[in-house]
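Colleague: Handing you this structure, nothing more for now.
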Amino acid sequence: MAHFDTEYQRLEASYSDSPPGEENLLVHVPEGSKSPWHHIENLDLFFQRVYNLHQKNGFTCMLLGEIFELVQLVFVVAFTVFLANCVDYDILFANKFVNHTDSSKVTLPDAFLPVDVCSARIRDNVFAIFILIISGVFWLHRLIKFIYNICCYWEIRSFYNNALKMSMTDLSYFTWQEVQGRIIEIQKEHQICIHKKELSELDIYHRILRFKNYMVAMVNKSLLPVRFRLPLLGDSVFYTRGLKYNFELIFFWGPGSLFENEWSLKPEYKRGGNRLELADRLSSRILWIGIANLLLCPVILIWQILYAFFSYTEVIKREPGSLGARCWSLYGRFYLRHFNELDHELMSRLSKGYKASSKYMNCFMSPLLTVVAKNVAFFAGSILAVLIALTIYDEDVLAVEHVLSSITLLGICITVCRSFIPDKHMVFCPEQLLKVILAHIHYMPDHWQGNAHRYETRDEFSQLFQYKAVFILEELLSPVVTPFILIFCLRRKSLEIIDFFRNFTVDVVGVGDTCSFAQMDVRQHGHPAWMSAGKTEASIYQQAEDGKTELSLMHFAITNPHWQPPRESTHFISLLKEKVHREAAAGQQGIIAENPAFTSTHSLQSDSEPRSLIANLLMGPPSLASLHMGREGTINPVSIGVSEGASALRSLSPVSTSLHLRGSYPSARLPRPDHPAVVAGRPMTGSSTDARTISSGSSAWEGQLTSMVLSEYASTEMSIHALYMHEMHKQQSRGEVSRHTWHRQESDESSESVNEDIEAARTFPRSSTFPTTSHQAGAAQQSGSQRRWGGTSDPVSGSFRAQRTPRMPMGGWSEENQMSRHHDPVPEEGSEDELPPHIHKV
Amino acid sequence: MNCRSEVLEVSVEGRQVDEAMLAVLHTILLQRSTGKFHYKKEGTYSIGTVGTQDVDCDFIDFTFVRVSSDELDRVIRKAVAEFKDALGNSGSDGMGQISLEFYQKKKSRWPFSDECIPWEVWSIKVNVVNLANEQERQICREKVGEKLGEKVINIVEVINRHDYLPKMPTQSEVDNVFDTSLKDVQPYLYKITYQITDSLGTSVSTTMRRLIKDTLAL
């Protein structure tokens with residue numbers, strides 16, 4: 001057999017079946033979850049906690065606060081029980097004598113009953129035991145909650161430390177906007193929210209304020225039964241913390257509420273089909289909760305009384321006037337709140353308006369009461385003087401029975417009377433004050449404007465801004481009234497409530513169900529009378545009242561300059577900003593053209609530092625100019641209104657100081673105008689019409705000072721916009737301006753002289769600290785006064801008139817002018833009060 | 001909230017329920033399973049292989065692909081069988097929903113138990129129809145097959161999006177992300193739950209848990 005020699009050979013198997021995992025074909029490297037912060041389950045709660053921790057200034061403060069709250073609770077209950085059962089009052093009142101061998105002095109421990117007697121008395125007292133059990137249960141609940149919260153917030157604390165890289169000690173240096181900015185940054189890295197690659201500011205706000213936005217919208221659409229017409233008191237508002245708690249329990253989180261969890265409405269409430277059945281179910285739930293409230297009423301009432309007694313007695317004794325002080329009512333807080341406005345933003349806004357508001361309320365003194373008060377104070381004062389004089393002569397007078405108590409009572413009586421006697425130097429200019437208030441609180445019913453001097457307006461304003469005493473009284477009454485409101489008023493509205501939640505809930509990707517008003521979409525919820533005519537497609541039912549959509553949108557865009565609004569909203573914002581800017585620029589040009597002195601100073605100014613329209617408004621010239629142009633009948637009422645308010649703002653709010661401060665900051669330290677800081681500042685303060693330019697400014701100006709100043713700047717800008725929008729709205733809604741001009745006789749006489757004095761005085765503190773600013777301020781004043789005395793017609797304002805005339809409503813011009821003239825003194829008067837804080841600030 | 005949710009709806013005849021459910025669940029799990037991880041010393045790992053297998057349906061004109069893991073198949077069949085029984089016993093109009101939830105475990109500090117945080121939930125709503133005669137059954141057979149085909153394409157589209165997936169874990173954390181109990185395949189941690197008709201609200205236990213949490217979080 002021949003041997004074939006071929007090249008074909010058997011191939012030796014070179015591979016072997018290796019067990020899986022041995023070969024190195026493909027090797028992966030696990031990323032691992034480096035941080036525990038990716039994919040957080042409940043982002044609503046998470047963001048709320050992050051916000052709370054920031055607002056409460058860090059973990060330690062919060063911990064201490066909570067611990068003290070717990071201790072306080074124990075103390076209140078224990079002390080009450082002790083006072084009721086363990087004190088022998090006969091000894092205290094000296095009705096019974098103590099048998100002491102060594103001395104005749106009665107000491108406090110003598111009045112205490114021995115321990116065994118005491119405990120026996122408590123054991124016999126069924127009521128005390130009942131109270132003790134109830135409060136014990138309540139306290140245990142609080143304790144568990146406290147422990148739970150501490151664990152949760154510990155997590156948040158490590159989130160701040162590790163993810164946001166902010167230590168707790170530095171926390172108070174960061175504004176919320178900065179914290180928020182960091183959160184948005186780390187989302188890219190950690191994916192806190194898995195739906196989106198990037199979070200927006202609005203997402204965070206929506207999650208924190210989901211339910212608050214609903215409540216604001218419900219108050220806005222007057223869905224909640226908080227206004228009542230009572231037989232004696234007339235129209236009144238009753239909205240307490242207890243009532244609010246119950247509303248939230250019913251709608252948002254209680255058993256069987258409308259919401260399935262924090263972020264979604266139950267699906268059956270989103271369908272219109274069985275609305276009647278759902279309304280029935282809701283109304284029966286409200287009934288049960290009402291009945292539960294009624295049953296718990298005594299317990300809550302006792303708690304409220306005890307708590308009020310222990311927390312307020314000391315304050316009232318120390319300064320009785322505090323009861324006469326005012327505070328923003330709970331209803332006011334909801335009425336005045338923007339959609340998507342966090343607590344601290346609202347509070348700072350309202351606090352800025354506080355001074356003007358209380359001044360406004362003090363304008364309304366009943367002359368009758370004043371006369372009575374003056375005389376009562378006189379008589380009480382004379383008796384008090386005698387008693388004090390006697391005491392000084394010989395202090396044994398104090399030992400006479402009731403002398404000490406009558407001195408105390410008389411003192412209180414005089415303090416109360418004094419609060420009814422108006423300040424001699426006060427000038428009564430309600431319209432102007434109301435404008436200043438509006439600049440801060442941003443919302444106001446239409447019929448207040450022009451009616452500021454009327455008692456009706458005052459009464460309505462007092463619903464928003466009530467006496468502290470009334471507030472406490474309402475809180476005390478609340479446990480009794482709440483069940484009846486729930487059972488008789490809220491139940492009737494159940495169908496409307498069901499409809500409201502169905503119609504005004506939208507599902508936003510990555511956020512869940514939110515109130516559609518909170519989207520601040522001008523197209524869906526805009527009101528045609530509030531500058532969104534033509535853009536809005538909303539029916540009357542869908543329109544937010546009082547221009548809430550528009551104002552909220554502006555507010556949100558201004559406070560969050562990095563936010564990218566949807567296209568229509570961007571358009572709305574830029575249009576509005578442009579308008580406001582144009583009005584201001586027009587007013588300003590008038591001055592420059594007419595007054596050569598001012599032109600030179602102004603050009604010098606604009607060389608060294610660019611000023612924004614706000615700064616211009618705050619500087620004052622436009623307001624004075626508008627006054628004079630107004631005399632010639634050539635000014636648009638809008639700019640009058642705005643600049644009027646702005647000039648008032650200038651003097652009333654500390655903002656102007658900070659603006660001046662900031663304005664002078666670069667020019668004082670860096671005199672060269674082309675220095676980067678100044679240049680960077682230019683787009684911010686310069687002729688910008690876009691909100692985003694502020695952000696460019698903020699990135700260029702690093703530092704705490706800047707961020708604080710910027711937030712001040714933002715709030716001022718918002719004030720101007722709010723004034724402008726209200727002014728436009730008024731113009732739009734009324735065909736003609738028919739203003740009341742009303743003032744007290746005295747104000748007319750005093751105005752001019754007061755004016756001069758204050759103007760002179762006002763330049764003083766600034767000049768001492770900031771020469772640059774004072775120079776500008778002085779120049780502004782000078783130009784203003786020059787205008788005042790030498791006011792001639794000017795070509796630019798003429799052309800301005802020609803431009804504006806077609807839009808101007810007919811009639812009422814001279815009244816307008818008069819009014820602004822008479823009200824001019826007010827800002828000056830206000831500035832007198834505000835001067836000391838200015839100096840401190842500087 | 002922080003999870004994606006997808007809803008699929010099918011209407012089938014009574015006897016098709018389990019096959020249809022198996023088809024959908026297996027299709028999803030096929031996309032959400034990997035081979036077993038084999039960790040090496042240097043913190044790297046390699047991935048084992050996954051076999052696939054075609055399954056022909058008896059009552060539907062349809063063939064689907066599933067992971068060839070009998071263990072996984074057994075678990076799913078059991079869940080589907082329970083669902084079918086419950087659906088049959090309910091006696092009502094034959095509406096039901098089965099949901100497949102992928103979750104991640106998160107270790108918590110002492111007082112709390114480990115949290116299971118879902119990141120993707122698939123809900124399949126089933127509507128059972130009654131058919132009168134054989135001809136209708138034939139038509140239904142084909143129609144359901146077509147529908148299921150569409151669903152499969154839907155599922156693949158969703159899966160192909162670049163959405164959030166848990167990051168690949170290190171050896172110590174693998175149990176928090178993957179179900180490692182099976183021998184031959186390693187799906188993401190999942191949970192199958194069902195619900196008959198849209199009975200109001202969720203189960204009693206979840207309601208209670210929420211209530212307690214809410215009172216605490218006040």
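Every chain in the structure tokens has a letter given in the order shown (A, B, ...), and although residue numbers restart at 1 in each chain, ligands are simply numbered from 1 in the order shown.
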Return the neighbours of chain A among the residues of chain B, cut-off 6 Å, counting only C-alpha atoms, as a list in words.

Modeller: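 Listed by rising number, the hits are Asn2, His38, Thr44, Tyr45, Ser46, Ile117, Tyr164, Met168, Pro169, Thr170 and Leu216 of chain B.
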
Colleague: Could you pull the residues within 8 Å of A:Leu108, counting only C-alpha atoms, minus those fewer than 3 positions along the same chain, as a VMD selection string?

Modeller: chain A and resid 92 111 to 112

Colleague: Kindly export the residues of the current selection with C-alpha atoms, as a short mmCIF file (atom, residue, chain, number, x, y, z; two decimals), in the first residue's frame.

Modeller:
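Output saved as result-v9.cif:
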data_model
loop_
_atom_site.label_atom_id
_atom_site.label_comp_id
_atom_site.auth_asym_id
_atom_site.auth_seq_id
_atom_site.Cartn_x
_atom_site.Cartn_y
_atom_site.Cartn_z
CA LEU A 92 -49.47 82.01 99.93
CA ALA A 111 -46.55 76.68 100.66
CA PHE A 112 -45.80 73.33 99.04
#

Colleague: So that I can check the secondary structure, give me every residue of chain B assigned strand (DSSP E or B) by backbone DSSP, as a VMD selection string.

Modeller: chain B and resid 4 to 13 33 to 34 37 to 39 45 to 47 52 to 56 63 to 67 95 to 106 115 to 129 178 186 to 188 190 to 196

Colleague: Which residues come within 10 Å of A:Ser539, counting only C-alpha atoms, excluding same-chain residues fewer than 6 positions away, as a PDB file with C-alpha atoms, in the first residue's frame?

Modeller:
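Below is the file out.pdb, written as the result:
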ATOM      1  CA  GLN A 524     -53.096  77.976  30.457  1.00  0.00           C
ATOM      2  CA  HIS A 525     -53.823  80.072  33.488  1.00  0.00           C
ATOM      3  CA  GLY A 526     -53.086  83.640  32.520  1.00  0.00           C
ATOM      4  CA  HIS A 527     -55.603  86.375  33.148  1.00  0.00           C
TER       5      HIS A 527
END

Colleague: Name all residues at most 8 Å from B:Leu182 (count only C-alpha atoms; drop same-chain ones fewer than 3 positions away) and give them as a list in words.

Modeller: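 These residues fall inside the cut-off: Glu71, Leu72, Asp179, Val185 and Gln186 of chain B.
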
Colleague: Fewer than 3 positions away in the same chain doesn't count, so skip those; otherwise give me all residues within 9 Å of A:Val81, counting only C-alpha atoms, as a JSON list (two decimals) with N, CA and C atoms, in the first residue's frame.

Modeller:
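After the write, part_16.json holds the following:
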[["chain", "number", "residue", "atom", "x", "y", "z"],
["A", 76, "VAL", "N", -44.71, 71.95, 80.81],
["A", 76, "VAL", "CA", -46.05, 72.56, 80.85],
["A", 76, "VAL", "C", -47.01, 71.68, 81.63],
["A", 77, "VAL", "N", -47.02, 70.40, 81.30],
["A", 77, "VAL", "CA", -47.97, 69.49, 81.96],
["A", 77, "VAL", "C", -47.64, 69.34, 83.43],
["A", 78, "ALA", "N", -46.37, 69.08, 83.72],
["A", 78, "ALA", "CA", -45.98, 68.85, 85.11],
["A", 78, "ALA", "C", -46.24, 70.08, 85.96],
["A", 84, "ALA", "N", -51.87, 72.94, 90.38],
["A", 84, "ALA", "CA", -53.25, 72.64, 90.72],
["A", 84, "ALA", "C", -53.36, 71.82, 92.00],
["A", 85, "ASN", "N", -52.37, 70.97, 92.24],
["A", 85, "ASN", "CA", -52.54, 70.01, 93.32],
["A", 85, "ASN", "C", -51.60, 70.14, 94.51],
["A", 86, "CYS", "N", -50.47, 70.73, 94.29],
["A", 86, "CYS", "CA", -49.45, 70.64, 95.33],
["A", 86, "CYS", "C", -49.15, 71.97, 96.02],
["A", 122, "ILE", "N", -53.41, 63.98, 93.72],
["A", 122, "ILE", "CA", -53.41, 63.75, 92.28],
["A", 122, "ILE", "C", -54.16, 62.47, 91.96],
["A", 128, "ALA", "N", -57.20, 65.23, 86.55],
["A", 128, "ALA", "CA", -55.75, 65.36, 86.41],
["A", 128, "ALA", "C", -55.17, 64.10, 85.79],
["A", 131, "ILE", "N", -55.84, 64.06, 82.08],
["A", 131, "ILE", "CA", -54.92, 64.96, 81.39],
["A", 131, "ILE", "C", -53.53, 64.32, 81.28],
["A", 132, "LEU", "N", -53.11, 63.72, 82.39],
["A", 132, "LEU", "CA", -51.76, 63.13, 82.40],
["A", 132, "LEU", "C", -51.66, 62.01, 81.37]]

Colleague: Any idea what's packed within 10 Å of B:Cys140, counting only C-alpha atoms, ignoring anything in its chain fewer than 2 positions away? Could you give it as a VMD selection string?

Modeller: chain B and resid 11 to 13 16 59 to 61 129 131 134 to 138 142 to 146

Colleague: Quick one: of B:Glu115, B:Glu6, B:Asp56, B:Asp18, who's nearest to B:Ile76, counting only C-alpha atoms?

Modeller: B:Asp18
